[in-house]
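Structure first, commentary second.
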Amino acid sequence: MTLAISGFVLAAGEGLLGLTTGSPPLLAAALIVLAPGLALVPHLPRQLSAPATAVAIVPAVSLAAASVAFTSISAVGIPLTPTSVRLTFLAITGASAAVALWRRVGEDRGPAWDPSQEARVLLALGGIVLIAIGLQSRTIGGSPVPGSDWGHYLIYAQEIARRHSLLINNPFWMGGVPFSEDAATPSIYAAWQMLSGVSANLLLHGIWLYAVAGILSMFACLRTLWGDAAALLGTAIYALMPMGQDLLAWHGLATEAALVLLPLVVLCMAQALRGETSTRQSALLALSLVALAATHRLTFTIAVVAVIAAAALGLVSKARWILRFSVTTVWLGAVIGWGVVLGLLRQAARVGATQSYTNYEATRINRLVLDLGLRDLTWPVVAAVLVAGLILLAPTVRMRDRAPLVVTGLLLSLLVFSYLWLVHVPSDYTRPLYYLPVFAALLISAALSALPRPMLRVAASVVAVWAGALAWHDAPALRGFYTFANATSLRGLAQLDRVAPPNAILLTDRCWSFAAMWLLQRPVYAALEPYDNFPARDAVRADQARRLLYAGQVTSGPVARSQYAVVDPLCSAASGILPAPAVGHPIFESTTAVILRLTPRPAR
């Protein structure tokens, strides 16, 4: 009850300050990341009520609630403004506090907990998070950050803040096509920008918040399912894997945001398999799935398949419980998510058709991709996963706990999405590799709980340290591989900005695409590879940009009127280093950026 009231007080206090003197950036961030979670935690399953678990789960629940709320209000035509954002948070926290007071929620705090143990667990978790932040700083610390994808997230957030809607066109991209990105995270960025009144440039490191929130969310899941020791060791392994640094390096913000929510889905389904099928459990699962749909549709579909697979496996022994739980979750999901569904349908209608699955053939899983993925997972972690699998396959362990069935469901889902090309479904077939750390942490923690031997815990600690050391060693090279914007190349872009006419059209390769769009805020046609696109409309224009940049074949249309090109001389694709441009004369050259002046062709 106290937490619910504190969430409302935070929302009301920020609103009052925002109306008078303006909201400081940190207070605006606290409103988004803390207030809804604090207000909703007392209504979550009682197994999550221990202080360390509640602290860890608050950011995930807050981001889930904000994602659903912003997508829903925009879908019904309510402008996303500072006033509507504040009223939304006041409604969420106020309703939660009112229900908590009315029903006296929180007086039965659930399982007993030891304050000294909670303090030790929080201290250990804090240590893991600080080590992870130190490791992540080697990849994304300082400015500019590596990667290029941050450009389109910042543009989307900027345009939402300027135009107060999610269903809008990108004025700089491929001739002004509709934004096709998952809108929840850019809407959260935009809300913070509107509340604090600062530039979207400060959001360059926003992915860091999601990375930390994902670690906390994973801990809350593991601790609830398998206890303190298994949770801390599993969280350490999860936080320190090089694959997590790879995701940060190319700036996979939507995937990173989805990884904050996926552990909540796993937690709810695993508890249901154990017979914990309360309405609170269903509500949390429904909220998590709806938020995933708004945040990252690929992760949502992976999670749904994993839940269905786990439910099917659990029907053997828990048929009545699972069916009742599934029905309750579905109708609660409909109540919570109708606005999100409406928003997604409207966005899909605006974006248009998707590409054929044949355009994604380059992303099929092959020996090289698998080797790279396992290397990023690290071989010590792979070995630990194999040992954990053998432990959990033991007949006595398998019969004792049904929760690991959800881990099996997740693995089956990842395999399905890796081979969707067999049934002609378009997707990036390598993307399921980024969910392997979740699978590994779940499996290892389950095994440590099933067989709590001191030597196994020591071995898990060694695996975590080993994985972290590998990630620490590889981080500079990883950052270097994905860094296109550095001090030298930014000077070149500044020179281009001075000499180019205000509405000059830019042509870029796949490496500079989104970064150049944000840094120059000019019309861009990007020579993306087919598998870099999802909407068919974008793919057509990207193909024209490729043919102009690398072959000089396009002689008419808007792409042909490009006046300057920005390319990375070492830009690579699935086929290797891309060829040198076939058009233009260099006006600036560096190791990461070559700027070319093109001769515009008259329209035909």
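Just so we're on the same page: first chain in the structure tokens is A, next is B, and so on; residues restart at 1 for each chain, and ligands are numbered from 1 in the order they show up.
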Tell me, as a CSV table (one decimal) with N, CA and C atoms, in the first residue's frame, which residues lie within 9 Å of Phe481 of chain A, counting only C-alpha atoms; anything in the same chain fewer than 5 positions away does not count.
```csv
chain,number,residue,atom,x,y,z
A,146,PRO,N,28.7,3.9,-30.6
A,146,PRO,CA,28.8,3.2,-31.8
A,146,PRO,C,27.5,2.8,-32.4
A,147,GLY,N,27.6,2.3,-33.6
A,147,GLY,CA,26.3,1.9,-34.3
A,147,GLY,C,25.7,3.0,-35.1
A,249,ALA,N,26.5,-2.5,-29.0
A,249,ALA,CA,27.4,-1.9,-30.0
A,249,ALA,C,26.7,-1.5,-31.2
A,476,PRO,N,36.7,-3.2,-26.8
A,476,PRO,CA,37.3,-2.1,-27.7
A,476,PRO,C,37.2,-2.5,-29.2
```
Practice problem: Using only C-alpha atoms, determine which residues lie at most 8 Å from Pro171 of chain A, disregarding the query and same-chain residues fewer than 5 positions distant; provide the list as an MDAnalysis selection string. | Solution: chainID A and resid 176:177 523
Would you put the residues from that selection into a file with C-alpha atoms, as a PDB file, in the first residue's frame?
```
ATOM      1  CA  GLY A 176       9.137  10.702 -46.337  1.00  0.00           C
ATOM      2  CA  VAL A 177       7.739   7.237 -45.652  1.00  0.00           C
ATOM      3  CA  PRO A 523      16.589  13.906 -46.741  1.00  0.00           C
TER       4      PRO A 523
END
```
Self-check item: Test item: residues at most 10 Å from segment 118-120 of chain A, only C-alpha atoms, excluding those fewer than 3 positions along its chain, as a PyMOL selection string
Solution: chain A and resi 50-53+113-115+123-126+228
File of the preceding selection, N, CA, C and O atoms, as a PDB file, in the first residue's frame:
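What follows is the written file again39.pdb:
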```
ATOM      1  N   ALA A  50       9.057  -9.444  -1.779  1.00  0.00           N
ATOM      2  CA  ALA A  50      10.285  -9.238  -1.017  1.00  0.00           C
ATOM      3  C   ALA A  50      11.003  -7.992  -1.518  1.00  0.00           C
ATOM      4  O   ALA A  50      11.018  -7.729  -2.730  1.00  0.00           O
ATOM      5  N   PRO A  51      11.596  -7.186  -0.628  1.00  0.00           N
ATOM      6  CA  PRO A  51      12.163  -5.897  -1.039  1.00  0.00           C
ATOM      7  C   PRO A  51      13.137  -5.967  -2.208  1.00  0.00           C
ATOM      8  O   PRO A  51      13.043  -5.160  -3.137  1.00  0.00           O
ATOM      9  N   ALA A  52      14.072  -6.916  -2.185  1.00  0.00           N
ATOM     10  CA  ALA A  52      15.060  -6.986  -3.258  1.00  0.00           C
ATOM     11  C   ALA A  52      14.392  -7.291  -4.594  1.00  0.00           C
ATOM     12  O   ALA A  52      14.758  -6.730  -5.638  1.00  0.00           O
ATOM     13  N   THR A  53      13.405  -8.172  -4.577  1.00  0.00           N
ATOM     14  CA  THR A  53      12.684  -8.512  -5.805  1.00  0.00           C
ATOM     15  C   THR A  53      11.850  -7.333  -6.283  1.00  0.00           C
ATOM     16  O   THR A  53      11.811  -7.026  -7.486  1.00  0.00           O
ATOM     17  N   TRP A 113      10.106 -12.653   4.713  1.00  0.00           N
ATOM     18  CA  TRP A 113      11.457 -12.382   4.254  1.00  0.00           C
ATOM     19  C   TRP A 113      12.274 -11.805   5.402  1.00  0.00           C
ATOM     20  O   TRP A 113      11.767 -11.180   6.324  1.00  0.00           O
ATOM     21  N   ASP A 114      13.577 -12.053   5.347  1.00  0.00           N
ATOM     22  CA  ASP A 114      14.519 -11.649   6.387  1.00  0.00           C
ATOM     23  C   ASP A 114      15.189 -10.338   5.969  1.00  0.00           C
ATOM     24  O   ASP A 114      15.854 -10.290   4.924  1.00  0.00           O
ATOM     25  N   PRO A 115      15.029  -9.264   6.737  1.00  0.00           N
ATOM     26  CA  PRO A 115      15.612  -7.977   6.339  1.00  0.00           C
ATOM     27  C   PRO A 115      17.116  -8.038   6.082  1.00  0.00           C
ATOM     28  O   PRO A 115      17.609  -7.429   5.133  1.00  0.00           O
ATOM     29  N   LEU A 123      22.810  -5.853  -1.921  1.00  0.00           N
ATOM     30  CA  LEU A 123      24.213  -5.462  -2.044  1.00  0.00           C
ATOM     31  C   LEU A 123      24.896  -6.265  -3.150  1.00  0.00           C
ATOM     32  O   LEU A 123      25.642  -5.706  -3.976  1.00  0.00           O
ATOM     33  N   ALA A 124      24.647  -7.570  -3.184  1.00  0.00           N
ATOM     34  CA  ALA A 124      25.243  -8.406  -4.232  1.00  0.00           C
ATOM     35  C   ALA A 124      24.720  -8.025  -5.612  1.00  0.00           C
ATOM     36  O   ALA A 124      25.484  -7.940  -6.580  1.00  0.00           O
ATOM     37  N   LEU A 125      23.407  -7.780  -5.703  1.00  0.00           N
ATOM     38  CA  LEU A 125      22.827  -7.382  -6.978  1.00  0.00           C
ATOM     39  C   LEU A 125      23.400  -6.034  -7.428  1.00  0.00           C
ATOM     40  O   LEU A 125      23.710  -5.853  -8.625  1.00  0.00           O
ATOM     41  N   GLY A 126      23.543  -5.111  -6.487  1.00  0.00           N
ATOM     42  CA  GLY A 126      24.142  -3.823  -6.822  1.00  0.00           C
ATOM     43  C   GLY A 126      25.553  -3.973  -7.357  1.00  0.00           C
ATOM     44  O   GLY A 126      25.955  -3.284  -8.306  1.00  0.00           O
ATOM     45  N   ASP A 228      17.919 -17.307  -4.090  1.00  0.00           N
ATOM     46  CA  ASP A 228      18.919 -16.248  -4.095  1.00  0.00           C
ATOM     47  C   ASP A 228      20.214 -16.625  -4.815  1.00  0.00           C
ATOM     48  O   ASP A 228      20.677 -15.903  -5.696  1.00  0.00           O
TER      49      ASP A 228
END
```
Quiz item: Could you name the residues that touch segment 233-237 of chain A at 8 Å or less, counting only C-alpha atoms, but leaving out those on the same chain fewer than 6 positions away, as a list in words?
Solution: Ile128, Ile215, Met218, Phe219, Leu222, Val381, Ala441, Leu442, Ile444, Ser445, Arg457, Ala460, Ser461, Val463, Ala464, Val465, Ala467 and Gly468 of chain A
Quiz prompt | Residue with smallest distance to Tyr482 of chain A - pool A:Arg431, A:Arg104, A:His251, A:Arg537, counting only C-alpha atoms | solution =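 Of A:Arg431, A:Arg104, A:His251, A:Arg537, the one nearest Tyr482 of chain A, counting only C-alpha atoms, is A:His251.
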Practice problem: as a PyMOL selection string, please: all residues of segment 446-541 of chain A that backbone DSSP puts in alpha helix (DSSP H). | Solution: chain A and resi 446-450+454-482+487-499+513-520+536-541
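Of the listed residues A:Gly7, A:Pro79, A:Gly175, A:Gly197, the one whose atoms come nearest to Ala98 of chain A is A:Gly7, with distances taken using only C-alpha atoms.
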Exercise. Compile the contact shell of segment 470-473 of chain A as a count of residues only: residues with an atom at most 7 Å away, counting only C-alpha atoms, same-chain residues fewer than 6 positions apart removed.
Key: 4
Practice problem: Identify which of the residues A:His152, A:Arg274, A:Arg297, A:Arg453 lies closest to Val341 of chain A, counting only C-alpha atoms when measuring atom-to-atom distances. | Solution: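 Result for the nearest residue to Val341 of chain A: A:Arg297.
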I'd like a table as CSV: residues in segment 23-127 of chain A with an atom no more than 12 Å from segment 210-213 of chain A, each row giving the shortest atom pair and its distance in Å to one decimal, only C-alpha atoms counted, sorted by chain and rising residue number.
```
residue,atom,partner,partner_atom,distance
A:Val33,CA,A:Ala213,CA,9.4
A:Leu34,CA,A:Ala213,CA,11.2
A:Val55,CA,A:Ala213,CA,10.6
A:Ala56,CA,A:Ala213,CA,7.8
A:Ile57,CA,A:Ala213,CA,8.3
A:Val58,CA,A:Ala213,CA,8.9
A:Pro59,CA,A:Ala213,CA,6.1
A:Ala60,CA,A:Ala213,CA,6.4
A:Val61,CA,A:Ala213,CA,10.1
A:Ser62,CA,A:Ala213,CA,10.4
A:Leu63,CA,A:Tyr210,CA,9.2
A:Ala64,CA,A:Ala213,CA,11.5
A:Leu125,CA,A:Val212,CA,11.2
A:Gly126,CA,A:Val212,CA,10.6
```
Quiz item: What lies within 8 Å of Leu289 of chain A using only C-alpha atoms, ignoring chain neighbours under 2 positions off, as a PyMOL selection string?
Solution: chain A and resi 265+285-287+291-293+300+303-304+333
Could those residues be written to a file, using N, CA and C atoms, as a tab-separated table (two decimals), in the first residue's frame?
```tsv
chain	number	residue	atom	x	y	z
A	265	VAL	N	7.46	-12.42	-18.72
A	265	VAL	CA	6.64	-13.44	-19.37
A	265	VAL	C	7.07	-14.82	-18.91
A	285	LEU	N	1.19	-11.33	-16.65
A	285	LEU	CA	1.52	-11.94	-17.94
A	285	LEU	C	0.85	-11.17	-19.07
A	286	ALA	N	-0.42	-10.81	-18.90
A	286	ALA	CA	-1.13	-10.07	-19.94
A	286	ALA	C	-0.45	-8.72	-20.19
A	287	LEU	N	-0.13	-7.99	-19.11
A	287	LEU	CA	0.53	-6.70	-19.26
A	287	LEU	C	1.87	-6.85	-19.97
A	291	ALA	N	2.71	-5.25	-23.59
A	291	ALA	CA	3.83	-4.30	-23.68
A	291	ALA	C	4.87	-4.78	-24.68
A	292	LEU	N	5.11	-6.09	-24.74
A	292	LEU	CA	6.03	-6.62	-25.74
A	292	LEU	C	5.53	-6.36	-27.15
A	293	ALA	N	4.23	-6.50	-27.37
A	293	ALA	CA	3.66	-6.24	-28.69
A	293	ALA	C	3.90	-4.79	-29.10
A	300	PHE	N	7.67	-10.29	-29.16
A	300	PHE	CA	6.30	-10.66	-28.78
A	300	PHE	C	5.92	-12.00	-29.39
A	303	ALA	N	7.82	-14.77	-27.75
A	303	ALA	CA	7.29	-15.03	-26.41
A	303	ALA	C	5.97	-15.79	-26.47
A	304	VAL	N	5.09	-15.42	-27.40
A	304	VAL	CA	3.80	-16.10	-27.52
A	304	VAL	C	4.00	-17.57	-27.88
A	333	GLY	N	-5.66	-9.72	-21.26
A	333	GLY	CA	-4.87	-9.14	-22.34
A	333	GLY	C	-5.73	-8.31	-23.28
```
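Restricting the calculation to only C-alpha atoms, the smallest distance between Val198 of chain A and any of A:Leu323, A:Thr592, A:Ala29, A:Ser84 is found for A:Ala29.
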Practice problem: Please provide as a list of chain:residue names all residues within 12 Å of Leu393 of chain A, with the sequence filter that same-chain residues fewer than 4 positions apart are discarded (counting only C-alpha atoms). | Solution: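 Residues meeting the cut-off are A:Leu386, A:Val387, A:Ala388, A:Gly389, A:Val397, A:Arg398, A:Met399, A:Arg400, A:Asp401, A:Arg402, A:Pro404, A:Leu405, A:Thr408, A:Leu443, A:Ala446, A:Ala447, A:Ala450, A:Leu451.
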Practice problem: Determine the nearest neighbour of Gly244 of chain A from the options A:Leu313, A:Ala582, A:Pro437, A:Glu159, counting only C-alpha atoms. | Solution: A:Pro437
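Distance check against Ala39 of chain A using only C-alpha atoms: of A:Ser562, A:Thr2, A:Asn533, A:Gln136, the minimum falls on A:Thr2.
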Exercise. From the DSSP assignment of the backbone, select every residue of segment 530-577 of chain A that is strand (DSSP E), and format the answer as a PyMOL selection string.
Key: chain A and resi 564-567+572-573+576-577
